[in-house]
Amino acid sequence: MSEPVIRPARWSDADALGRLDRATWSTLHAVQPKPAPSAPFFDAAHDPGQFLVAESGGEAAEEIVGYIRIGRSTPLRANAHVLQIQGFAVAEAARGRGIGRALVRA
């Protein structure tokens with residue numbers, strides 16, 4: 001597998017990201033209930049501007065294999081420079097290939 005392509009999320013990624021989010025949800029790390037199949041991935045508080053996605057390095061059929069959501073740690077202006085990982089997932093079939101590392105570095 002070639003290097004993953006890391007890019008900003010787009011509104012059109014919502015369905016693929018929702019499927020990935022549901023597939024990777026686990027009681028081992030989740031603090032929220034499992035997302036419902038009909039739940040929108042993006043909403044008023046979580047828009048595509050907060051996400052980077054990883055696409056597989058295939059030629060014809062690139063698929064989203066991971067994402068990271070970055071947000072401000074607090075609403076305080078004094079902490080505006082502090083960012084926090086607020087969501088992170090890599091498809092099970094794509095694990096061990098450096099995708100998570102590439103997302104964090106990006």
# chains A, B, ... in the order shown; residues from 1 in each chain; ligands from 1

call {"tool": "select_by_dssp", "arguments": {"residues": "chain A", "states": "strand (DSSP E or B)", "output": "count of residues only"}}
result
28

call {"tool": "residues_around", "arguments": {"residues": "Ala16 of chain A", "least_positions_apart": "5", "cutoff": "10 Å", "atoms": "only C-alpha atoms", "output": "count of residues only"}}
result
6

call {"tool": "residues_around", "arguments": {"residues": "Pro48 of chain A", "least_positions_apart": "2", "cutoff": "10 Å", "atoms": "only C-alpha atoms", "output": "list in words"}}
result
Pro8, Ala9, Arg10, Trp11, Ser12, Asp13, Ala14, Phe41, Phe42, Asp43, His46, Gln50, Phe51, Leu52, Val53 and Arg69 of chain A

call {"tool": "write_last_selection", "arguments": {"atoms": "N, CA and C atoms", "output": "mmCIF file, in the first residue's frame"}}
result
data_model
loop_
_atom_site.group_PDB
_atom_site.id
_atom_site.type_symbol
_atom_site.label_atom_id
_atom_site.label_comp_id
_atom_site.auth_asym_id
_atom_site.auth_seq_id
_atom_site.Cartn_x
_atom_site.Cartn_y
_atom_site.Cartn_z
ATOM 1 N N PRO A 8 -8.235 17.695 3.947
ATOM 2 C CA PRO A 8 -9.367 18.192 4.745
ATOM 3 C C PRO A 8 -10.646 17.449 4.366
ATOM 4 N N ALA A 9 -11.502 17.268 5.339
ATOM 5 C CA ALA A 9 -12.794 16.623 5.083
ATOM 6 C C ALA A 9 -13.690 17.538 4.265
ATOM 7 N N ARG A 10 -14.623 16.915 3.562
ATOM 8 C CA ARG A 10 -15.632 17.644 2.786
ATOM 9 C C ARG A 10 -17.012 17.168 3.238
ATOM 10 N N TRP A 11 -18.008 18.007 3.014
ATOM 11 C CA TRP A 11 -19.380 17.617 3.366
ATOM 12 C C TRP A 11 -19.754 16.291 2.708
ATOM 13 N N SER A 12 -19.249 16.050 1.516
ATOM 14 C CA SER A 12 -19.588 14.824 0.787
ATOM 15 C C SER A 12 -18.979 13.570 1.418
ATOM 16 N N ASP A 13 -18.094 13.728 2.392
ATOM 17 C CA ASP A 13 -17.493 12.587 3.093
ATOM 18 C C ASP A 13 -18.372 12.062 4.223
ATOM 19 N N ALA A 14 -19.468 12.733 4.520
ATOM 20 C CA ALA A 14 -20.264 12.426 5.713
ATOM 21 C C ALA A 14 -20.695 10.963 5.798
ATOM 22 N N PHE A 41 -23.061 12.528 10.582
ATOM 23 C CA PHE A 41 -21.687 12.620 11.064
ATOM 24 C C PHE A 41 -21.330 14.070 11.369
ATOM 25 N N PHE A 42 -21.657 14.957 10.448
ATOM 26 C CA PHE A 42 -21.413 16.383 10.661
ATOM 27 C C PHE A 42 -22.676 17.020 11.233
ATOM 28 N N ASP A 43 -22.484 18.000 12.106
ATOM 29 C CA ASP A 43 -23.612 18.749 12.644
ATOM 30 C C ASP A 43 -23.148 20.168 12.944
ATOM 31 N N HIS A 46 -19.877 20.153 14.784
ATOM 32 C CA HIS A 46 -18.789 19.359 14.206
ATOM 33 C C HIS A 46 -18.854 19.443 12.685
ATOM 34 N N GLN A 50 -13.170 20.815 10.924
ATOM 35 C CA GLN A 50 -12.479 20.287 12.101
ATOM 36 C C GLN A 50 -11.806 18.936 11.834
ATOM 37 N N PHE A 51 -11.982 18.394 10.643
ATOM 38 C CA PHE A 51 -11.531 17.038 10.357
ATOM 39 C C PHE A 51 -10.490 16.983 9.248
ATOM 40 N N LEU A 52 -9.568 16.046 9.398
ATOM 41 C CA LEU A 52 -8.709 15.604 8.310
ATOM 42 C C LEU A 52 -9.065 14.148 8.064
ATOM 43 N N VAL A 53 -9.031 13.724 6.817
ATOM 44 C CA VAL A 53 -9.315 12.334 6.493
ATOM 45 C C VAL A 53 -8.104 11.713 5.808
ATOM 46 N N ARG A 69 -10.205 14.449 14.295
ATOM 47 C CA ARG A 69 -10.911 15.717 14.515
ATOM 48 C C ARG A 69 -10.107 16.521 15.515
#

call {"tool": "residues_around", "arguments": {"residues": "Pro4 of chain A", "least_positions_apart": "3", "cutoff": "7 Å", "atoms": "only C-alpha atoms", "output": "VMD selection string"}}
result
chain A and resid 54 to 57 99

call {"tool": "residues_around", "arguments": {"residues": "Ala36 of chain A", "least_positions_apart": "4", "cutoff": "12 Å", "atoms": "only C-alpha atoms", "output": "ChimeraX atom specification"}}
result
/A:18-19,21-23,25,32,40-41

call {"tool": "write_last_selection", "arguments": {"atoms": "N, CA and C atoms", "output": "mmCIF file, in the first residue's frame"}}
result
data_model
loop_
_atom_site.group_PDB
_atom_site.id
_atom_site.type_symbol
_atom_site.label_atom_id
_atom_site.label_comp_id
_atom_site.auth_asym_id
_atom_site.auth_seq_id
_atom_site.Cartn_x
_atom_site.Cartn_y
_atom_site.Cartn_z
ATOM 1 N N GLY A 18 -19.360 8.434 8.633
ATOM 2 C CA GLY A 18 -20.342 7.850 9.543
ATOM 3 C C GLY A 18 -20.198 6.339 9.620
ATOM 4 N N ARG A 19 -20.010 5.707 8.467
ATOM 5 C CA ARG A 19 -19.816 4.246 8.452
ATOM 6 C C ARG A 19 -18.536 3.859 9.194
ATOM 7 N N ASP A 21 -17.015 5.584 11.534
ATOM 8 C CA ASP A 21 -17.212 5.875 12.952
ATOM 9 C C ASP A 21 -17.974 4.747 13.648
ATOM 10 N N ARG A 22 -19.033 4.260 13.010
ATOM 11 C CA ARG A 22 -19.812 3.160 13.600
ATOM 12 C C ARG A 22 -19.012 1.854 13.631
ATOM 13 N N ALA A 23 -18.219 1.609 12.590
ATOM 14 C CA ALA A 23 -17.446 0.370 12.513
ATOM 15 C C ALA A 23 -16.311 0.326 13.530
ATOM 16 N N TRP A 25 -16.314 2.079 16.494
ATOM 17 C CA TRP A 25 -16.769 2.385 17.849
ATOM 18 C C TRP A 25 -16.559 1.168 18.752
ATOM 19 N N GLN A 32 -19.108 8.022 24.690
ATOM 20 C CA GLN A 32 -20.472 8.314 24.245
ATOM 21 C C GLN A 32 -21.100 7.025 23.721
ATOM 22 N N PRO A 40 -26.377 11.909 11.749
ATOM 23 C CA PRO A 40 -25.475 12.600 10.827
ATOM 24 C C PRO A 40 -24.063 12.678 11.413
ATOM 25 N N PHE A 41 -23.061 12.528 10.582
ATOM 26 C CA PHE A 41 -21.687 12.620 11.064
ATOM 27 C C PHE A 41 -21.330 14.070 11.369
#

call {"tool": "select_by_dssp", "arguments": {"residues": "chain A", "states": "alpha helix (DSSP H)", "output": "list of chain:residue names"}}
result
A:Ala14, A:Asp15, A:Ala16, A:Leu17, A:Gly18, A:Arg19, A:Leu20, A:Asp21, A:Arg22, A:Ala23, A:Thr24, A:Ile99, A:Gly100, A:Arg101, A:Ala102, A:Leu103, A:Val104, A:Arg105

call {"tool": "atom_distance", "arguments": {"atom1": "atom CA of Tyr67 of chain A", "atom2": "atom CA of Val31 of chain A"}}
result
17.8 Å

call {"tool": "closest_residue", "arguments": {"among": "A:Leu76, A:Pro33, A:Ala39, A:Glu3", "to": "Asp15 of chain A", "atoms": "only C-alpha atoms"}}
result
A:Ala39

call {"tool": "atom_distance", "arguments": {"atom1": "atom CA of Thr24 of chain A", "atom2": "atom CA of Ile85 of chain A"}}
result
16.4 Å

call {"tool": "atom_distance", "arguments": {"atom1": "atom CA of Thr74 of chain A", "atom2": "atom CA of Ala45 of chain A"}}
result
14.1 Å
